[in-house]
$ cat my_file-v2.txt   # compact mmCIF, C-alpha atoms
# COMPACT_ATOMS: atom_id res chain seq x y z
CA MET A 1 -25.72 37.25 -40.05
CA ALA A 2 -26.16 35.11 -36.90
CA ALA A 3 -28.36 37.79 -35.33
CA ARG A 4 -30.59 37.83 -38.41
CA TRP A 5 -30.84 34.02 -38.36
CA GLY A 6 -31.72 34.14 -34.64
CA LYS A 7 -34.46 36.70 -35.24
CA ARG A 8 -35.93 34.74 -38.12
CA SER A 9 -35.94 31.46 -36.24
CA GLY A 10 -37.49 33.17 -33.22
CA ILE A 11 -40.24 34.61 -35.38
CA PHE A 12 -40.77 31.26 -37.12
CA ILE A 13 -41.08 29.39 -33.80
CA LEU A 14 -43.48 32.02 -32.50
CA ILE A 15 -45.66 31.81 -35.62
CA VAL A 16 -45.74 28.00 -35.52
CA PHE A 17 -46.69 28.07 -31.84
CA VAL A 18 -49.48 30.62 -32.40
CA ILE A 19 -50.87 28.60 -35.34
CA LEU A 20 -50.73 25.39 -33.28
CA ASN A 21 -52.62 27.02 -30.41
CA LEU A 22 -55.25 28.44 -32.77
CA PHE A 23 -55.66 24.97 -34.30
CA LEU A 24 -56.07 23.34 -30.87
CA PHE A 25 -58.55 26.00 -29.76
CA ALA A 26 -60.64 25.85 -32.94
CA THR A 27 -60.76 22.06 -33.16
CA SER A 28 -61.73 21.72 -29.48
CA ARG A 29 -64.77 23.87 -30.24
CA LEU A 30 -65.67 22.03 -33.45
CA ASN A 31 -65.31 18.40 -32.30
CA ASP A 32 -68.32 16.72 -30.68
CA ASP A 33 -66.15 15.37 -27.86
CA ARG A 34 -64.73 18.90 -27.19
CA MET A 35 -61.16 17.62 -27.45
CA PRO A 36 -58.61 19.28 -29.73
CA GLY A 37 -57.59 17.29 -32.78
CA ILE A 38 -58.76 16.29 -36.20
CA GLY A 39 -60.39 13.11 -37.45
CA SER A 40 -59.45 10.16 -35.25
CA TRP A 41 -56.49 12.05 -33.73
CA ARG A 42 -56.59 14.03 -30.48
CA VAL A 43 -53.96 16.26 -28.86
CA LEU A 44 -54.05 16.18 -25.07
CA SER A 45 -52.04 17.52 -22.14
CA VAL A 46 -50.71 15.28 -19.39
CA LEU A 47 -51.19 16.77 -15.93
CA THR A 48 -49.61 14.17 -13.63
CA GLY A 49 -46.48 12.05 -13.48
CA SER A 50 -48.28 8.71 -13.09
CA MET A 51 -46.75 7.48 -16.37
CA SER A 52 -43.17 8.59 -15.68
CA PRO A 53 -40.65 8.02 -17.14
CA ALA A 54 -42.51 7.18 -20.40
CA ILE A 55 -44.74 10.29 -20.18
CA ASN A 56 -44.15 13.12 -17.73
CA ALA A 57 -46.40 15.82 -16.32
CA GLY A 58 -46.35 18.73 -18.76
CA ASP A 59 -45.95 16.55 -21.84
CA MET A 60 -48.45 16.55 -24.67
CA VAL A 61 -49.69 13.30 -26.20
CA ILE A 62 -51.24 12.58 -29.56
CA VAL A 63 -53.88 9.90 -29.25
CA ARG A 64 -55.32 7.91 -32.17
CA ARG A 65 -58.71 6.25 -31.88
CA TYR A 66 -58.75 2.50 -32.31
CA GLY A 67 -60.36 1.47 -35.60
CA GLU A 68 -60.60 -2.23 -36.32
CA GLU A 69 -57.63 -2.84 -34.05
CA GLN A 70 -58.33 -3.87 -30.45
CA PRO A 71 -56.50 -2.46 -27.41
CA ARG A 72 -53.68 -4.81 -26.36
CA VAL A 73 -51.74 -5.37 -23.17
CA GLY A 74 -48.81 -2.94 -23.18
CA ASP A 75 -50.62 -0.16 -25.09
CA ILE A 76 -50.72 3.23 -23.43
CA ILE A 77 -54.30 4.46 -23.71
CA THR A 78 -56.30 7.53 -22.77
CA TYR A 79 -59.75 6.85 -21.35
CA TRP A 80 -62.58 8.60 -19.53
CA GLN A 81 -62.50 7.83 -15.81
CA GLU A 82 -66.32 7.67 -15.73
CA GLN A 83 -68.86 7.04 -18.49
CA ASN A 84 -70.01 10.67 -18.75
CA GLY A 85 -67.14 12.13 -16.77
CA LEU A 86 -64.92 15.10 -17.39
CA SER A 87 -61.60 13.53 -16.40
CA LEU A 88 -59.28 11.64 -18.70
CA THR A 89 -56.55 9.23 -17.63
CA THR A 90 -53.56 8.06 -19.65
CA HIS A 91 -52.24 4.70 -18.40
CA ARG A 92 -50.84 1.42 -19.72
CA ILE A 93 -53.04 -1.65 -20.23
CA VAL A 94 -51.83 -4.48 -17.95
CA HIS A 95 -54.72 -6.98 -18.42
CA ARG A 96 -57.48 -7.45 -20.98
CA MET A 97 -60.53 -9.61 -20.42
CA GLU A 98 -62.19 -11.54 -23.26
CA ASN A 99 -65.20 -9.21 -23.11
CA GLY A 100 -62.85 -6.26 -23.83
CA TYR A 101 -62.72 -4.74 -20.34
CA LEU A 102 -59.28 -3.38 -19.48
CA GLN A 103 -57.16 -3.20 -16.34
CA THR A 104 -54.75 -0.25 -16.41
CA LYS A 105 -51.85 1.02 -14.35
CA GLY A 106 -49.67 4.10 -14.38
CA ASP A 107 -46.00 3.15 -14.85
CA ALA A 108 -45.04 5.18 -11.77
CA ASN A 109 -47.88 3.83 -9.60
CA GLN A 110 -47.43 0.97 -7.16
CA GLY A 111 -50.67 -0.83 -7.95
CA GLU A 112 -53.18 -1.26 -10.72
CA ASP A 113 -56.04 1.19 -11.13
CA GLY A 114 -59.18 0.24 -9.21
CA GLY A 115 -61.85 -1.47 -11.29
CA TRP A 116 -61.98 -2.42 -14.94
CA THR A 117 -62.31 0.08 -17.77
CA ASP A 118 -65.20 -0.34 -20.17
CA PRO A 119 -63.84 -0.35 -23.75
CA ASP A 120 -66.49 2.26 -24.66
CA ARG A 121 -64.69 4.79 -22.44
CA VAL A 122 -61.38 4.45 -24.35
CA VAL A 123 -60.49 7.58 -26.33
CA GLY A 124 -57.54 5.93 -28.07
CA LYS A 125 -53.94 4.80 -28.05
CA VAL A 126 -51.05 7.19 -27.37
CA VAL A 127 -48.91 7.24 -30.53
CA VAL A 128 -46.69 10.29 -29.96
CA THR A 129 -45.40 12.11 -26.88
CA ILE A 130 -44.18 15.70 -27.16
CA PRO A 131 -42.01 16.48 -24.12
CA CYS A 132 -42.78 19.70 -22.21
CA ALA A 133 -45.24 21.00 -24.85
CA ALA A 134 -48.18 21.21 -22.46
CA ALA A 135 -46.04 22.94 -19.83
CA VAL A 136 -44.93 25.54 -22.38
CA GLN A 137 -48.50 26.04 -23.55
CA GLU A 138 -49.74 26.44 -19.98
CA GLY A 139 -46.91 28.85 -19.18
CA LEU A 140 -47.87 31.06 -22.11
CA ARG A 141 -51.30 31.58 -20.58
CA LYS A 142 -49.84 33.41 -17.57
CA PRO A 143 -49.90 37.25 -17.74
CA PRO A 144 -46.18 37.82 -16.99
CA VAL A 145 -45.20 35.42 -19.77
CA LEU A 146 -47.65 37.06 -22.17
CA LEU A 147 -46.14 40.47 -21.35
CA ALA A 148 -42.63 39.15 -21.92
CA LEU A 149 -43.74 37.61 -25.22
CA ALA A 150 -45.33 40.91 -26.31
CA ALA A 151 -42.12 42.76 -25.40
CA PHE A 152 -40.11 40.23 -27.43
CA ILE A 153 -42.37 40.77 -30.47
CA VAL A 154 -42.08 44.56 -30.16
CA ALA A 155 -38.28 44.30 -29.85
CA LEU A 156 -38.10 42.08 -32.94
CA ALA A 157 -40.28 44.45 -34.95
CA TYR A 158 -38.25 47.48 -33.81
CA SER A 159 -34.89 45.88 -34.60
CA HIS A 160 -36.17 44.69 -37.98
CA ARG A 161 -37.41 48.19 -38.84
CA LYS A 162 -34.20 49.79 -37.60
CA GLY A 163 -32.16 47.37 -39.72
CA GLN A 164 -34.22 48.21 -42.82
CA SER A 165 -33.78 51.96 -42.40
CA ARG A 166 -30.03 51.49 -41.87
CA SER A 167 -29.69 49.45 -45.08
CA LYS A 168 -31.71 52.04 -47.08
CA ARG A 169 -29.46 54.83 -45.74
CA THR A 170 -26.32 52.87 -46.71
CA GLN A 171 -27.67 52.26 -50.22
CA THR A 172 -28.51 55.96 -50.65
CA GLU A 173 -25.06 57.06 -49.44
CA THR A 174 -23.38 54.59 -51.83
CA ILE A 175 -25.37 55.83 -54.82
CA GLU A 176 -24.71 59.48 -53.94
CA GLY A 177 -21.00 58.74 -53.50
CA GLU A 178 -20.81 57.11 -56.93
CA LEU A 179 -22.45 60.14 -58.58
CA SER A 180 -20.00 62.68 -57.11

$ encode --input "my_file-v2.txt" --output "C-alpha cells"
Amino acid sequence: MAARWGKRSGIFILIVFVILNLFLFATSRLNDDRMPGIGSWRVLSVLTGSMSPAINAGDMVIVRRYGEEQPRVGDIITYWQEQNGLSLTTHRIVHRMENGYLQTKGDANQGEDGGWTDPDRVVGKVVVTIPCAAAVQEGLRKPPVLLALAAFIVALAYSHRKGQSRSKRTQTETIEGELS
C-alpha cells in the first residue's frame, strides 16, 4: 500500500512539474515582455544571493505589477537594471523620492545600489517566494538529470504494468479455484 502511494505521489509531482514548466514556457513566448506569467503576475528565477536570507539564489519569486498602488519603502521589487536592458534585479526599496524614483539595496549587500531607479523600469512587487524552485527547474535541464528522470518514468511504468498483470493473474486463479 505504501509503495503504491509513493508511486502515485511521484507521478503526481512529476505531472505537476511538467505542466508548470509548459505553462512557464508558453507564457514567456506569449507575453509582450517575454517573461513567464499571466496577467499582472510574473514568475521569475533568482540567480544571486543578494537578498539573502529573505530570498536565496535558486528561489523562484512571483511578482505582481503595481496597479494604483505606489511602491513603498520596504517593498521587495523586481526592476530592469537599464531602460531597455536584459537584466532584472530583485532588491528592497530603501528610499523613495517624491517624483517616484527609488533607491534599492540587496539585504545581503553592504551598500545601496548605485543610482536611482526610474519607476517605469519596475516590473512589480515580490508577493511570493518559492524556495529552491528555480534550482530544481535549472537542474532538470541538465542531461544526466533528464536521463535519470526518464529512467524513473520507465521504472514506474514497468512496475505499474507488472502489478496489473500480477493482479489479473491472481483474479483468474481465484475464479478457476472456485469453479473446481

$ residues_near_point --input "my_file-v2.txt" --point "(-60.7, 17.8, -29.3)" --cutoff "10 Å" --atoms "all atoms listed in the file" --output "number ranges by chain"
A: 24-44

$ atom_distance --input "my_file-v2.txt" --atom1 "atom CA of A:Met51" --atom2 "atom CA of A:Ile13"
28.6 Å

$ closest_residue --input "my_file-v2.txt" --among "A:Gly49, A:Ala57, A:Ala155, A:Leu88" --to "A:Glu138" --atoms "only C-alpha atoms"
A:Ala57

$ atom_distance --input "my_file-v2.txt" --atom1 "atom CA of A:Phe17" --atom2 "atom CA of A:Arg161"
23.2 Å

$ closest_residue --input "my_file-v2.txt" --among "A:Ile19, A:Ala150, A:Val122, A:Ile130" --to "A:Ile76" --atoms "all atoms listed in the file"
A:Val122

$ closest_residue --input "my_file-v2.txt" --among "A:Arg121, A:Ala148, A:Val136, A:Pro53" --to "A:Asn109" --atoms "only C-alpha atoms"
A:Pro53

$ residues_around --input "my_file-v2.txt" --residues "A:Tyr66" --least-positions-apart "4" --cutoff "8 Å" --atoms "all atoms listed in the file" --output "PyMOL selection string"
chain A and resi 70-71+124-125

$ closest_residue --input "my_file-v2.txt" --among "A:Val16, A:Leu22, A:Ala54, A:Leu149" --to "A:Val127" --atoms "only C-alpha atoms"
A:Ala54

$ atom_distance --input "my_file-v2.txt" --atom1 "atom CA of A:Arg92" --atom2 "atom CA of A:Asp107"
7.1 Å

$ closest_residue --input "my_file-v2.txt" --among "A:Leu47, A:Val73, A:Ile62, A:Ala151" --to "A:Val94" --atoms "only C-alpha atoms"
A:Val73

$ closest_residue --input "my_file-v2.txt" --among "A:His91, A:Arg96, A:Arg72, A:Lys105" --to "A:Asn56" --atoms "only C-alpha atoms"
A:His91

$ residues_around --input "my_file-v2.txt" --residues "A:Val123" --least-positions-apart "5" --cutoff "7 Å" --atoms "all atoms listed in the file" --output "VMD selection string"
chain A and resid 65 78 to 79

$ residues_around --input "my_file-v2.txt" --residues "A:Asp113" --least-positions-apart "6" --cutoff "8 Å" --atoms "all atoms listed in the file" --output "list in words"
Gln103, Thr104, Lys105 and Gly106 of chain A
